Amino acid sequence: MTSRTMNRGRLNPALEVLDRALIVTVIVFGLVAVLAVTAGPADALTVKSATVARIGGGAARLTTYTNGAGSLYVNLKNLAPGTRNERLWSGTCSSLGTRVAILPGLIVPASGALARTNVLTAGQARGRTLRIVRGSRALCTTFGSGSAASPSPSPSGSASTSPSGSASASPSASPSATASGSPSASASDDD
């Protein structure tokens, strides 16, 4: 007969204590490992700042984290369907400065509404101006300076800012949505 049958289905009391101690040890080490793994990324994703700016018929939010990385969320409405270039710049809408990031193209569906988040590296998260271009039309907004979104015809074109901090024009298929009535440069890799 085994000890189990002799003790009516119970293990030897000395072995039960060791088994329980082993189980508790495994559980404790497991919890410590889980906490160690989750504490690192949670700390890395602590929000340092989040700035929202109007752009066209929607808004954009630039979020930076304490580790330097960031994210850019755009929520646009009332756009003509098609693809647009999305770029981050170091300057302002009137003086773009250095291009910091070329983001994946925005594909606007037939509904005209689009929402997307881009993950940014620490270098890209330093960008302060978002410029979205389709052909010769551009939407531009600068984060954190109080400037508003306004269409601008080219990187060297000036963008107007309304005193209320809201967009001065929303994108549309009509020519009246451009910042000026003059012809403008077409979108290129520099936009």
# chains A, B, ... in the order shown; residues from 1 in each chain; ligands from 1
>>> residues_around(residues="region 117-123 of chain A", least_positions_apart="4", cutoff="12 Å", atoms="only C-alpha atoms", output="number ranges by chain")
A: 44-45, 60-76, 86-90, 98-106, 127-128
>>> write_last_selection(atoms="C-alpha atoms", output="mmCIF file, in the first residue's frame")
data_model
loop_
_atom_site.group_PDB
_atom_site.id
_atom_site.type_symbol
_atom_site.label_atom_id
_atom_site.label_comp_id
_atom_site.auth_asym_id
_atom_site.auth_seq_id
_atom_site.Cartn_x
_atom_site.Cartn_y
_atom_site.Cartn_z
ATOM 1 C CA ALA A 44 7.522 54.249 -20.284
ATOM 2 C CA LEU A 45 4.029 55.257 -21.420
ATOM 3 C CA ALA A 60 -5.388 66.411 -34.059
ATOM 4 C CA ARG A 61 -3.764 65.460 -30.753
ATOM 5 C CA LEU A 62 -0.008 65.237 -30.242
ATOM 6 C CA THR A 63 0.869 63.220 -27.142
ATOM 7 C CA THR A 64 4.407 62.925 -25.787
ATOM 8 C CA TYR A 65 5.514 60.450 -23.149
ATOM 9 C CA THR A 66 8.181 60.724 -20.464
ATOM 10 C CA ASN A 67 10.483 58.419 -22.462
ATOM 11 C CA GLY A 68 10.463 60.940 -25.358
ATOM 12 C CA ALA A 69 8.296 58.910 -27.756
ATOM 13 C CA GLY A 70 4.814 60.012 -28.701
ATOM 14 C CA SER A 71 1.677 59.514 -30.749
ATOM 15 C CA LEU A 72 -0.290 61.604 -33.208
ATOM 16 C CA TYR A 73 -4.060 61.135 -33.436
ATOM 17 C CA VAL A 74 -5.982 62.752 -36.278
ATOM 18 C CA ASN A 75 -9.767 62.864 -36.565
ATOM 19 C CA LEU A 76 -10.857 64.540 -39.770
ATOM 20 C CA GLU A 86 0.927 63.583 -43.666
ATOM 21 C CA ARG A 87 4.106 65.269 -42.398
ATOM 22 C CA LEU A 88 5.398 66.665 -39.101
ATOM 23 C CA TRP A 89 7.606 69.759 -39.121
ATOM 24 C CA SER A 90 9.688 71.530 -36.469
ATOM 25 C CA THR A 98 12.788 71.082 -40.719
ATOM 26 C CA ARG A 99 10.713 68.063 -41.698
ATOM 27 C CA VAL A 100 10.724 65.749 -38.682
ATOM 28 C CA ALA A 101 8.551 62.873 -39.927
ATOM 29 C CA ILE A 102 6.954 61.500 -43.066
ATOM 30 C CA LEU A 103 3.945 59.539 -41.840
ATOM 31 C CA PRO A 104 1.980 56.909 -43.784
ATOM 32 C CA GLY A 105 -0.499 58.331 -46.267
ATOM 33 C CA LEU A 106 -3.999 59.098 -45.038
ATOM 34 C CA GLY A 127 7.565 67.863 -34.404
ATOM 35 C CA ARG A 128 5.218 70.758 -33.650
#
>>> residues_around(residues="Ile107 (chain A)", least_positions_apart="3", cutoff="9 Å", atoms="only C-alpha atoms", output="list in words")
Pro81, Gly82, Thr83, Arg84 and Leu114 of chain A
>>> atom_distance(atom1="CA of Thr141 (chain A)", atom2="CA of Thr92 (chain A)")
7.7 Å
>>> atom_distance(atom1="CA of Arg137 (chain A)", atom2="CA of Arg116 (chain A)")
20.2 Å
>>> atom_distance(atom1="CA of Cys93 (chain A)", atom2="CA of Cys140 (chain A)")
5.9 Å
